Amino acid sequence: PMVWRGAPVGGGGGGGGQPSDATARQGQNGLDEAEPSMPPAERTTLMLRNVPNNYSRTTLVAMLDGEGFSGLYDFVYLPMDFNSGACLGYAFVNLVNAQVLPAFWQAFDGYARWVVPSRKVCRVGWSGPHQGLAAHVERYRNSPVMHPSVPDEYRPLLLANGWRVAFPGPSKATRAPRVRHRGDAAPQRQGRGGGRRR
């Protein structure tokens, strides 16, 4: 249920453009399944791809604020691998209005000034099918990621005027996320003899 569509005006691979109305399919890794239904001029939620895997939500927020966007976004979610503690390499950011979007796109499409060693180059695209703050709050308020057992750093962050605000409580019981433990993996095959060689 995520999407990677959109390209900076002027084409090419670098940053420094605004999103075009004619979006080009650029998805990979299963992130290109659904286009947002609203017109591009009304969209406010973007997906950042190629985020270093050792980034945390705190590091990501510091990056956004450090580039001058403090108070200009109201939702951030950096999905994490619960087993390794590594981020999955992409994040969702909802901007407070569509007017912020061109500057944000220009700042982060092609961004590579990470605070950790990484050769990754950030790419910006539309989030889909969910667009806007209300849609993301509704999407995540009942999600397993909001279960009490999940560390706060792994959860979506909601903000107002640059300050953290409480995420609305669930409207139904949330279940704990499924976490694969090391012992859950399939047993490794042994050699032909089935045991240790003598």
# chains A, B, ... in the order shown; residues from 1 in each chain; ligands from 1
call {"tool": "residues_around", "arguments": {"residues": "Tyr90 in chain A", "least_positions_apart": "2", "cutoff": "9 Å", "atoms": "only C-alpha atoms", "output": "list in words"}}
result
Met47, Leu48, Arg49, Asn50, Val51, Pro52, Asn53, Tyr77, Leu78, Pro79, Cys87, Leu88 and Phe92 of chain A
call {"tool": "residues_around", "arguments": {"residues": "range 133-135 of chain A", "least_positions_apart": "3", "cutoff": "12 Å", "atoms": "only C-alpha atoms", "output": "number ranges by chain"}}
result
A: 36, 43-46, 73-77, 92-97, 127-130, 138-141, 156-160, 167-168
call {"tool": "residues_around", "arguments": {"residues": "range 113-117 of chain A", "least_positions_apart": "5", "cutoff": "10 Å", "atoms": "only C-alpha atoms", "output": "VMD selection string"}}
result
chain A and resid 51 to 55 59 to 60 62 to 63 108 122
call {"tool": "write_last_selection", "arguments": {"atoms": "N, CA and C atoms", "output": "PDB file, in the first residue's frame"}}
result
ATOM      1  N   VAL A  51      16.986   6.211   2.700  1.00  0.00           N
ATOM      2  CA  VAL A  51      17.434   6.699   4.001  1.00  0.00           C
ATOM      3  C   VAL A  51      18.411   5.656   4.557  1.00  0.00           C
ATOM      4  N   PRO A  52      19.561   6.058   5.094  1.00  0.00           N
ATOM      5  CA  PRO A  52      20.498   5.073   5.647  1.00  0.00           C
ATOM      6  C   PRO A  52      19.825   4.195   6.703  1.00  0.00           C
ATOM      7  N   ASN A  53      20.133   2.913   6.690  1.00  0.00           N
ATOM      8  CA  ASN A  53      19.481   1.958   7.587  1.00  0.00           C
ATOM      9  C   ASN A  53      19.789   2.185   9.058  1.00  0.00           C
ATOM     10  N   ASN A  54      20.868   2.912   9.352  1.00  0.00           N
ATOM     11  CA  ASN A  54      21.164   3.182  10.759  1.00  0.00           C
ATOM     12  C   ASN A  54      20.628   4.539  11.206  1.00  0.00           C
ATOM     13  N   TYR A  55      19.753   5.141  10.416  1.00  0.00           N
ATOM     14  CA  TYR A  55      19.045   6.342  10.855  1.00  0.00           C
ATOM     15  C   TYR A  55      17.916   5.946  11.799  1.00  0.00           C
ATOM     16  N   THR A  59      17.096  11.006  14.424  1.00  0.00           N
ATOM     17  CA  THR A  59      18.079  11.487  13.451  1.00  0.00           C
ATOM     18  C   THR A  59      17.381  12.089  12.236  1.00  0.00           C
ATOM     19  N   LEU A  60      16.306  11.437  11.795  1.00  0.00           N
ATOM     20  CA  LEU A  60      15.560  11.928  10.642  1.00  0.00           C
ATOM     21  C   LEU A  60      14.933  13.288  10.943  1.00  0.00           C
ATOM     22  N   ALA A  62      15.916  15.470  13.133  1.00  0.00           N
ATOM     23  CA  ALA A  62      17.002  16.450  13.215  1.00  0.00           C
ATOM     24  C   ALA A  62      17.438  16.889  11.813  1.00  0.00           C
ATOM     25  N   MET A  63      17.448  15.958  10.863  1.00  0.00           N
ATOM     26  CA  MET A  63      17.799  16.290   9.486  1.00  0.00           C
ATOM     27  C   MET A  63      16.769  17.244   8.885  1.00  0.00           C
ATOM     28  N   PHE A 108      15.505  17.680  -0.587  1.00  0.00           N
ATOM     29  CA  PHE A 108      15.779  16.277  -0.255  1.00  0.00           C
ATOM     30  C   PHE A 108      15.892  15.325  -1.437  1.00  0.00           C
ATOM     31  N   CYS A 122      19.207  10.245  -1.372  1.00  0.00           N
ATOM     32  CA  CYS A 122      17.776  10.291  -1.100  1.00  0.00           C
ATOM     33  C   CYS A 122      16.991  10.610  -2.365  1.00  0.00           C
TER      34      CYS A 122
END
call {"tool": "closest_residue", "arguments": {"among": "A:Val121, A:Ala86, A:Val137, A:Ala107", "to": "Tyr154 in chain A", "atoms": "only C-alpha atoms"}}
result
A:Ala86
call {"tool": "closest_residue", "arguments": {"among": "A:Ala91, A:Val179, A:Leu72, A:Leu101", "to": "Arg155 in chain A", "atoms": "only C-alpha atoms"}}
result
A:Ala91
call {"tool": "select_by_dssp", "arguments": {"residues": "range 76-172 of chain A", "states": "helix (DSSP H, G or I)", "output": "list in words"}}
result
Ala98, Gln99, Val100, Leu101, Pro102, Ala103, Phe104, Trp105, Gln106, Ala107, Phe108, Leu133, Ala134, Ala135, His136, Val137, Glu138, Arg139, Tyr140, Arg141, Pro144, Val145, Met146, Asp152, Glu153 and Tyr154 of chain A
call {"tool": "write_last_selection", "arguments": {"atoms": "N, CA, C and O atoms", "output": "compact mmCIF listing (two decimals), in the first residue's frame"}}
result
# COMPACT_ATOMS: atom_id res chain seq x y z
N ALA A 98 0.57 22.31 0.87
CA ALA A 98 1.19 22.00 -0.41
C ALA A 98 2.20 23.06 -0.85
O ALA A 98 3.06 22.79 -1.69
N GLN A 99 2.12 24.26 -0.28
CA GLN A 99 3.05 25.32 -0.67
C GLN A 99 4.48 25.01 -0.22
O GLN A 99 5.43 25.51 -0.81
N VAL A 100 4.64 24.19 0.80
CA VAL A 100 5.97 23.83 1.31
C VAL A 100 6.63 22.81 0.40
O VAL A 100 7.86 22.68 0.36
N LEU A 101 5.82 22.11 -0.37
CA LEU A 101 6.29 20.95 -1.12
C LEU A 101 7.44 21.23 -2.09
O LEU A 101 8.44 20.48 -2.08
N PRO A 102 7.40 22.27 -2.91
CA PRO A 102 8.52 22.47 -3.85
C PRO A 102 9.87 22.63 -3.16
O PRO A 102 10.87 22.05 -3.59
N ALA A 103 9.91 23.40 -2.08
CA ALA A 103 11.18 23.61 -1.36
C ALA A 103 11.66 22.32 -0.71
O ALA A 103 12.85 22.00 -0.72
N PHE A 104 10.72 21.55 -0.15
CA PHE A 104 11.07 20.28 0.49
C PHE A 104 11.62 19.30 -0.55
O PHE A 104 12.64 18.65 -0.34
N TRP A 105 10.93 19.21 -1.68
CA TRP A 105 11.36 18.31 -2.75
C TRP A 105 12.76 18.68 -3.22
O TRP A 105 13.63 17.82 -3.39
N GLN A 106 12.99 19.99 -3.41
CA GLN A 106 14.30 20.44 -3.88
C GLN A 106 15.39 20.14 -2.85
O GLN A 106 16.51 19.77 -3.21
N ALA A 107 15.05 20.27 -1.56
CA ALA A 107 16.06 20.05 -0.51
C ALA A 107 16.45 18.59 -0.38
O ALA A 107 17.62 18.29 -0.11
N PHE A 108 15.51 17.68 -0.59
CA PHE A 108 15.78 16.28 -0.25
C PHE A 108 15.89 15.32 -1.44
O PHE A 108 16.39 14.22 -1.26
N LEU A 133 -2.64 14.45 6.56
CA LEU A 133 -2.50 14.13 7.98
C LEU A 133 -3.61 13.22 8.47
O LEU A 133 -3.35 12.21 9.14
N ALA A 134 -4.85 13.57 8.17
CA ALA A 134 -5.99 12.79 8.68
C ALA A 134 -5.91 11.34 8.22
O ALA A 134 -6.16 10.41 9.00
N ALA A 135 -5.53 11.12 6.96
CA ALA A 135 -5.44 9.76 6.43
C ALA A 135 -4.36 8.97 7.14
O ALA A 135 -4.53 7.77 7.42
N HIS A 136 -3.25 9.61 7.48
CA HIS A 136 -2.16 8.90 8.16
C HIS A 136 -2.48 8.63 9.62
O HIS A 136 -2.11 7.57 10.15
N VAL A 137 -3.13 9.57 10.27
CA VAL A 137 -3.55 9.32 11.65
C VAL A 137 -4.51 8.13 11.69
O VAL A 137 -4.36 7.22 12.50
N GLU A 138 -5.46 8.11 10.77
CA GLU A 138 -6.42 7.01 10.74
C GLU A 138 -5.74 5.70 10.39
O GLU A 138 -6.07 4.65 10.92
N ARG A 139 -4.77 5.77 9.50
CA ARG A 139 -4.04 4.56 9.07
C ARG A 139 -3.26 3.94 10.23
O ARG A 139 -3.21 2.72 10.37
N TYR A 140 -2.64 4.76 11.07
CA TYR A 140 -1.74 4.23 12.08
C TYR A 140 -2.29 4.14 13.50
O TYR A 140 -1.73 3.44 14.32
N ARG A 141 -3.38 4.80 13.80
CA ARG A 141 -3.86 4.80 15.19
C ARG A 141 -4.24 3.41 15.68
O ARG A 141 -4.12 3.12 16.86
N PRO A 144 -0.55 -2.15 14.56
CA PRO A 144 0.29 -2.82 15.56
C PRO A 144 1.50 -1.99 15.99
O PRO A 144 2.00 -2.14 17.09
N VAL A 145 1.95 -1.06 15.13
CA VAL A 145 3.11 -0.24 15.48
C VAL A 145 2.81 0.69 16.66
O VAL A 145 3.72 1.18 17.33
N MET A 146 1.52 0.90 16.97
CA MET A 146 1.14 1.74 18.11
C MET A 146 0.88 0.92 19.38
O MET A 146 0.50 1.47 20.40
N ASP A 152 8.87 3.69 21.57
CA ASP A 152 8.38 4.98 21.07
C ASP A 152 9.11 5.41 19.81
O ASP A 152 8.51 5.94 18.87
N GLU A 153 10.41 5.18 19.73
CA GLU A 153 11.22 5.61 18.59
C GLU A 153 10.79 4.93 17.30
O GLU A 153 11.08 5.42 16.21
N TYR A 154 10.08 3.81 17.39
CA TYR A 154 9.65 3.07 16.21
C TYR A 154 8.27 3.51 15.72
O TYR A 154 7.79 3.02 14.70
call {"tool": "select_by_dssp", "arguments": {"residues": "range 30-189 of chain A", "states": "strand (DSSP E)", "output": "ChimeraX atom specification"}}
result
/A:45-49,73-77,90-95,123-126,157-160,163-165
call {"tool": "atom_distance", "arguments": {"atom1": "CA of Ser84 in chain A", "atom2": "CA of Ala112 in chain A"}}
result
23.5 Å
call {"tool": "residues_around", "arguments": {"residues": "Pro170 in chain A", "least_positions_apart": "3", "cutoff": "8 Å", "atoms": "only C-alpha atoms", "output": "list of chain:residue names"}}
result
A:Arg141, A:Asn142, A:Ala173, A:Thr174
call {"tool": "write_last_selection", "arguments": {"atoms": "all heavy atoms", "output": "short mmCIF file (atom, residue, chain, number, x, y, z; two decimals), in the first residue's frame"}}
result
data_model
loop_
_atom_site.label_atom_id
_atom_site.label_comp_id
_atom_site.auth_asym_id
_atom_site.auth_seq_id
_atom_site.Cartn_x
_atom_site.Cartn_y
_atom_site.Cartn_z
N ARG A 141 -3.38 4.80 13.80
CA ARG A 141 -3.86 4.80 15.19
C ARG A 141 -4.24 3.41 15.68
O ARG A 141 -4.12 3.12 16.86
CB ARG A 141 -5.03 5.77 15.36
CG ARG A 141 -6.29 5.36 14.63
CD ARG A 141 -7.36 6.42 14.69
NE ARG A 141 -7.73 6.73 16.07
CZ ARG A 141 -8.71 7.55 16.40
NH1 ARG A 141 -9.41 8.16 15.45
NH2 ARG A 141 -8.99 7.76 17.65
N ASN A 142 -4.67 2.54 14.77
CA ASN A 142 -5.03 1.17 15.14
C ASN A 142 -4.00 0.15 14.66
O ASN A 142 -4.24 -1.06 14.69
CB ASN A 142 -6.41 0.81 14.58
CG ASN A 142 -7.50 1.66 15.19
OD1 ASN A 142 -7.57 1.79 16.40
ND2 ASN A 142 -8.34 2.24 14.35
N ALA A 173 -9.06 -2.28 19.74
CA ALA A 173 -7.89 -2.90 20.37
C ALA A 173 -6.80 -3.13 19.32
O ALA A 173 -7.07 -3.62 18.22
CB ALA A 173 -8.28 -4.23 21.02
N THR A 174 -5.59 -2.74 19.67
CA THR A 174 -4.46 -2.99 18.76
C THR A 174 -3.75 -4.26 19.18
O THR A 174 -3.65 -4.57 20.35
CB THR A 174 -3.45 -1.81 18.80
OG1 THR A 174 -3.01 -1.64 20.14
CG2 THR A 174 -4.07 -0.54 18.29
#
call {"tool": "residues_around", "arguments": {"residues": "Val61 in chain A", "least_positions_apart": "4", "cutoff": "9 Å", "atoms": "only C-alpha atoms", "output": "VMD selection string"}}
result
chain A and resid 56 to 57 65 to 66 70 76
